[in-house]
Amino acid sequence: MRYGGNTSCLEVTAAGRRLIFDAGTGIRALGLELARSANLDIDIYFTHTHLDHITGLTFFAPLFEESNSVRLWAGHLEAPHTLKNVVTKLMQAPLYPVSLEVFRAEVGFNEFRAGDTLACGEVGLRTAPLNHPNGATGYRVDFGGKSICYITDTEHRPGERDKTIVELCRGADVMIYDSSYTDEEYPRYREWGHSTWQEGVRVADAAGVGTLAIFHHDPSHDDAFMDDVARQAASLRPGTVASGLPRVVVAHEGLTLAP
Ligand SMILES: [Zn+2]
Ligand SMILES: [Zn+2]
């Protein structure tokens, strides 16, 4: 599988800080790499806590090292849910063999409201609510005049752009966008809370985004299918931006983007 089969996880490094977005199964390999160092100071921001975005958390090696500090953040939960009780429930019988106390790192649970502005050291973080069952949060990371937006999971309304997303992503260098389906497939998946790669192109164009990263691939889409999406997307957004990045890219396991 060239595009990869892990679920959502991405890492943004800026100003000496390490920001991780989502803890899908992809966080396991990242954790093993990070665990080669000690005294880690890490923030993990969840778009939401559906299983595909949180199930890798308990396999994140830095959580098992005493010298590390890991802060978890979520902005989509409504009372009585809290991030701490969601993780506690994930790690309990008969779903999981050990409880939260197994973590050796200092773990912090932080709640905010999607729409709040946060900061991680000198790194600016804007957030916005997405259209997803049980809620989700979109993020914009700004540092040193560069910006990356992470927009998943979200469902568009056919024929109109989501103004909240366009506003959050305006002029961003990179937008990583929920492209679970194609426009042709979408009518079968109404209300599932996901969008299409074509809508990603339309939002990127409306917001003046530099590079669109097609993300959150449906598991039924194999490499040949994604190659075809890549070709079609490149014909709609040809060329590169000043940094040399293509104007559209299909995200794959281990992809690094440096705007
Ligand atoms: Zn979801
Ligand atoms: Zn998802």
# chains A, B, ... in the order shown; residues from 1 in each chain; ligands from 1

call {"tool": "closest_atom_pairs", "arguments": {"of": "stretch 27-46 of chain A", "to": "stretch 80-86 of chain A", "cutoff": "12 Å", "atoms": "only C-alpha atoms", "output": "tab-separated table"}}
result
residue	atom	partner	partner_atom	distance
A:Ile44	CA	A:Leu83	CA	11.8
A:Tyr45	CA	A:Leu83	CA	10.9
A:Phe46	CA	A:Leu83	CA	9.5

call {"tool": "closest_atom_pairs", "arguments": {"of": "stretch 123-222 of chain A", "to": "stretch 68-79 of chain A", "cutoff": "12 Å", "atoms": "only C-alpha atoms", "output": "Markdown table"}}
result
| residue | atom | partner | partner_atom | distance |
| --- | --- | --- | --- | --- |
| A:Arg126 | CA | A:Gly75 | CA | 11.4 |
| A:Thr127 | CA | A:Gly75 | CA | 8.4 |
| A:Ala128 | CA | A:Gly75 | CA | 8.9 |
| A:Pro129 | CA | A:His76 | CA | 7.5 |
| A:Leu130 | CA | A:His76 | CA | 9.0 |
| A:Asn131 | CA | A:His76 | CA | 10.8 |
| A:His132 | CA | A:His76 | CA | 9.9 |
| A:Pro133 | CA | A:His76 | CA | 10.4 |
| A:Asn134 | CA | A:His76 | CA | 7.5 |
| A:Gly135 | CA | A:His76 | CA | 5.2 |
| A:Ala136 | CA | A:His76 | CA | 5.2 |
| A:Thr137 | CA | A:His76 | CA | 6.0 |
| A:Gly138 | CA | A:Gly75 | CA | 9.4 |
| A:Tyr139 | CA | A:Gly75 | CA | 10.3 |
| A:Asp153 | CA | A:His76 | CA | 11.7 |

call {"tool": "write_last_selection", "arguments": {"atoms": "N, CA and C atoms", "output": "mmCIF file, in the first residue's frame"}}
result
data_model
loop_
_atom_site.group_PDB
_atom_site.id
_atom_site.type_symbol
_atom_site.label_atom_id
_atom_site.label_comp_id
_atom_site.auth_asym_id
_atom_site.auth_seq_id
_atom_site.Cartn_x
_atom_site.Cartn_y
_atom_site.Cartn_z
ATOM 1 N N ARG A 126 -5.452 28.739 15.695
ATOM 2 C CA ARG A 126 -6.863 29.130 15.651
ATOM 3 C C ARG A 126 -7.682 27.869 15.442
ATOM 4 N N THR A 127 -8.895 27.849 15.962
ATOM 5 C CA THR A 127 -9.738 26.658 15.838
ATOM 6 C C THR A 127 -11.126 27.058 15.356
ATOM 7 N N ALA A 128 -11.849 26.086 14.812
ATOM 8 C CA ALA A 128 -13.219 26.347 14.365
ATOM 9 C C ALA A 128 -13.995 25.041 14.394
ATOM 10 N N PRO A 129 -15.315 25.146 14.665
ATOM 11 C CA PRO A 129 -16.128 23.923 14.673
ATOM 12 C C PRO A 129 -16.341 23.391 13.264
ATOM 13 N N LEU A 130 -16.291 22.061 13.124
ATOM 14 C CA LEU A 130 -16.558 21.414 11.842
ATOM 15 C C LEU A 130 -17.930 20.749 11.897
ATOM 16 N N ASN A 131 -18.426 20.356 10.729
ATOM 17 C CA ASN A 131 -19.758 19.744 10.636
ATOM 18 C C ASN A 131 -19.610 18.222 10.642
ATOM 19 N N HIS A 132 -19.683 17.635 11.836
ATOM 20 C CA HIS A 132 -19.421 16.201 11.980
ATOM 21 C C HIS A 132 -20.279 15.667 13.119
ATOM 22 N N PRO A 133 -20.799 14.443 12.998
ATOM 23 C CA PRO A 133 -21.590 13.885 14.102
ATOM 24 C C PRO A 133 -20.769 13.864 15.398
ATOM 25 N N ASN A 134 -21.327 14.348 16.495
ATOM 26 C CA ASN A 134 -20.668 14.476 17.803
ATOM 27 C C ASN A 134 -19.626 15.604 17.835
ATOM 28 N N GLY A 135 -19.537 16.394 16.759
ATOM 29 C CA GLY A 135 -18.643 17.551 16.737
ATOM 30 C C GLY A 135 -17.217 17.200 16.343
ATOM 31 N N ALA A 136 -16.503 18.198 15.840
ATOM 32 C CA ALA A 136 -15.077 18.074 15.521
ATOM 33 C C ALA A 136 -14.521 19.487 15.432
ATOM 34 N N THR A 137 -13.201 19.592 15.543
ATOM 35 C CA THR A 137 -12.531 20.886 15.547
ATOM 36 C C THR A 137 -11.536 20.971 14.392
ATOM 37 N N GLY A 138 -11.590 22.067 13.643
ATOM 38 C CA GLY A 138 -10.587 22.339 12.625
ATOM 39 C C GLY A 138 -9.525 23.247 13.221
ATOM 40 N N TYR A 139 -8.278 23.102 12.776
ATOM 41 C CA TYR A 139 -7.163 23.873 13.335
ATOM 42 C C TYR A 139 -6.433 24.644 12.247
ATOM 43 N N ASP A 153 -12.673 15.731 10.700
ATOM 44 C CA ASP A 153 -13.627 15.235 9.727
ATOM 45 C C ASP A 153 -14.745 16.257 9.570
#

call {"tool": "residues_near_ligand", "arguments": {"ligand": "ligand 1", "cutoff": "8 Å", "atoms": "only C-alpha atoms and all ligand atoms", "output": "PyMOL selection string"}}
result
chain A and resi 48-53+132-133+136+152-154+193-194

call {"tool": "write_last_selection", "arguments": {"atoms": "N, CA and C atoms", "output": "compact mmCIF listing (two decimals), in the first residue's frame"}}
result
# COMPACT_ATOMS: atom_id res chain seq x y z
N HIS A 48 -11.37 15.30 17.11
CA HIS A 48 -12.50 14.72 17.84
C HIS A 48 -12.06 13.35 18.33
N THR A 49 -12.97 12.66 18.99
CA THR A 49 -12.55 11.42 19.65
C THR A 49 -13.21 10.18 19.06
N HIS A 50 -13.64 10.24 17.78
CA HIS A 50 -14.05 9.00 17.13
C HIS A 50 -12.85 8.05 17.12
N LEU A 51 -13.15 6.75 17.14
CA LEU A 51 -12.10 5.75 17.34
C LEU A 51 -10.92 5.89 16.39
N ASP A 52 -11.20 6.20 15.11
CA ASP A 52 -10.08 6.25 14.16
C ASP A 52 -9.11 7.39 14.46
N HIS A 53 -9.49 8.31 15.38
CA HIS A 53 -8.62 9.45 15.70
C HIS A 53 -7.99 9.34 17.09
N HIS A 132 -19.68 17.63 11.84
CA HIS A 132 -19.42 16.20 11.98
C HIS A 132 -20.28 15.67 13.12
N PRO A 133 -20.80 14.44 13.00
CA PRO A 133 -21.59 13.89 14.10
C PRO A 133 -20.77 13.86 15.40
N ALA A 136 -16.50 18.20 15.84
CA ALA A 136 -15.08 18.07 15.52
C ALA A 136 -14.52 19.49 15.43
N THR A 152 -10.40 18.01 9.21
CA THR A 152 -11.02 16.70 9.12
C THR A 152 -11.62 16.41 10.49
N ASP A 153 -12.67 15.73 10.70
CA ASP A 153 -13.63 15.23 9.73
C ASP A 153 -14.74 16.26 9.57
N THR A 154 -15.20 16.47 8.36
CA THR A 154 -16.24 17.46 8.15
C THR A 154 -17.07 17.15 6.91
N GLY A 193 -20.76 12.51 7.76
CA GLY A 193 -19.85 13.50 8.34
C GLY A 193 -18.55 13.70 7.60
N HIS A 194 -18.52 13.34 6.31
CA HIS A 194 -17.28 13.49 5.54
C HIS A 194 -17.50 14.27 4.25

call {"tool": "closest_residue", "arguments": {"among": "A:Ile54, A:Ala207, A:Ile27, A:Val12", "to": "ligand 2", "atoms": "only C-alpha atoms and all ligand atoms"}}
result
A:Ile54

call {"tool": "closest_residue", "arguments": {"among": "A:Val107, A:Leu34, A:Cys9, A:Met91", "to": "ligand 2", "atoms": "only C-alpha atoms and all ligand atoms"}}
result
A:Cys9

call {"tool": "atom_distance", "arguments": {"atom1": "atom CA of A:Trp192", "atom2": "atom CA of A:Ile20"}}
result
25.0 Å

call {"tool": "select_by_dssp", "arguments": {"residues": "stretch 189-226 of chain A", "states": "strand (DSSP E)", "output": "ChimeraX atom specification"}}
result
/A:211-215

call {"tool": "write_last_selection", "arguments": {"atoms": "C-alpha atoms", "output": "PDB file, in the first residue's frame"}}
result
ATOM      1  CA  THR A 211      -1.328  23.611  -1.322  1.00  0.00           C
ATOM      2  CA  LEU A 212      -4.284  21.283  -0.821  1.00  0.00           C
ATOM      3  CA  ALA A 213      -3.471  17.931   0.803  1.00  0.00           C
ATOM      4  CA  ILE A 214      -6.100  15.308   0.045  1.00  0.00           C
ATOM      5  CA  PHE A 215      -6.484  13.371   3.320  1.00  0.00           C
TER       6      PHE A 215
END

call {"tool": "atom_distance", "arguments": {"atom1": "atom CA of A:Tyr150", "atom2": "atom CA of A:Ser220"}}
result
22.6 Å

call {"tool": "closest_residue", "arguments": {"among": "A:Leu95, A:Val201, A:Ala251, A:Leu257", "to": "A:Thr7", "atoms": "only C-alpha atoms"}}
result
A:Ala251

call {"tool": "atom_distance", "arguments": {"atom1": "atom CA of A:Ile151", "atom2": "atom CA of A:Tyr181"}}
result
14.6 Å

call {"tool": "closest_residue", "arguments": {"among": "A:Gly108, A:Pro62, A:Gly144, A:Gly124", "to": "A:Ala35", "atoms": "only C-alpha atoms"}}
result
A:Pro62

call {"tool": "residues_around", "arguments": {"residues": "A:Met226", "least_positions_apart": "3", "cutoff": "10 Å", "atoms": "only C-alpha atoms", "output": "compact mmCIF listing (two decimals) with N, CA, C and O atoms, in the first residue's frame"}}
result
# COMPACT_ATOMS: atom_id res chain seq x y z
N ARG A 2 0.95 1.92 -1.11
CA ARG A 2 1.80 3.11 -1.18
C ARG A 2 1.21 4.29 -0.40
O ARG A 2 1.94 5.09 0.17
N TYR A 3 -0.11 4.42 -0.41
CA TYR A 3 -0.71 5.57 0.29
C TYR A 3 -0.83 5.32 1.79
O TYR A 3 -0.99 6.25 2.55
N ILE A 214 -4.93 16.20 0.05
CA ILE A 214 -6.10 15.31 0.04
C ILE A 214 -5.86 14.22 1.09
O ILE A 214 -4.85 13.52 1.04
N HIS A 217 -8.43 9.20 3.48
CA HIS A 217 -8.90 8.38 2.36
C HIS A 217 -9.85 7.29 2.84
O HIS A 217 -9.59 6.65 3.86
N ASP A 218 -10.88 7.05 2.08
CA ASP A 218 -11.78 5.94 2.40
C ASP A 218 -11.00 4.63 2.24
O ASP A 218 -10.27 4.45 1.26
N HIS A 221 -10.62 2.75 -1.07
CA HIS A 221 -9.88 3.33 -2.20
C HIS A 221 -8.45 2.80 -2.21
O HIS A 221 -7.65 3.14 -1.34
N ASP A 222 -8.12 1.97 -3.19
CA ASP A 222 -6.78 1.39 -3.24
C ASP A 222 -5.80 2.35 -3.95
O ASP A 222 -6.17 3.46 -4.36
N ASP A 223 -4.55 1.91 -4.07
CA ASP A 223 -3.51 2.77 -4.65
C ASP A 223 -3.87 3.24 -6.06
O ASP A 223 -3.66 4.41 -6.41
N VAL A 229 -7.21 9.74 -8.53
CA VAL A 229 -7.61 10.99 -7.85
C VAL A 229 -6.49 12.02 -7.99
O VAL A 229 -6.74 13.19 -8.30
N ALA A 230 -5.24 11.57 -7.79
CA ALA A 230 -4.09 12.49 -7.87
C ALA A 230 -4.02 13.13 -9.26
O ALA A 230 -3.79 14.34 -9.39
N ARG A 231 -4.22 12.31 -10.30
CA ARG A 231 -4.17 12.84 -11.67
C ARG A 231 -5.27 13.87 -11.92
O ARG A 231 -5.04 14.96 -12.45
N GLN A 232 -6.50 13.51 -11.51
CA GLN A 232 -7.64 14.42 -11.72
C GLN A 232 -7.45 15.72 -10.94
O GLN A 232 -7.74 16.81 -11.43
N VAL A 250 -1.85 14.24 -2.92
CA VAL A 250 -2.60 13.22 -2.18
C VAL A 250 -1.71 12.76 -1.03
O VAL A 250 -0.59 12.28 -1.27
N ALA A 251 -2.18 12.96 0.21
CA ALA A 251 -1.36 12.62 1.37
C ALA A 251 -1.09 11.12 1.39
O ALA A 251 -1.94 10.32 1.02
N HIS A 252 0.12 10.77 1.80
CA HIS A 252 0.46 9.36 1.99
C HIS A 252 1.28 9.21 3.26
O HIS A 252 1.80 10.20 3.80

call {"tool": "closest_residue", "arguments": {"among": "A:Gly121, A:Gly4, A:Pro219, A:Pro259", "to": "ligand 2", "atoms": "only C-alpha atoms and all ligand atoms"}}
result
A:Pro219

call {"tool": "closest_residue", "arguments": {"among": "A:Val174, A:Val87, A:Val248, A:Ala23", "to": "ligand 2", "atoms": "only C-alpha atoms and all ligand atoms"}}
result
A:Ala23

call {"tool": "residues_around", "arguments": {"residues": "A:Leu19", "least_positions_apart": "2", "cutoff": "9 Å", "atoms": "only C-alpha atoms", "output": "list of chain:residue names"}}
result
A:Leu10, A:Glu11, A:Val12, A:Thr13, A:Ala14, A:Arg17, A:Phe21, A:Ile42, A:Asp43, A:Ile44, A:Tyr45, A:Cys120

call {"tool": "residues_around", "arguments": {"residues": "A:Glu160", "least_positions_apart": "5", "cutoff": "10 Å", "atoms": "only C-alpha atoms", "output": "list in words"}}
result
Glu199, Arg202 and Val203 of chain A
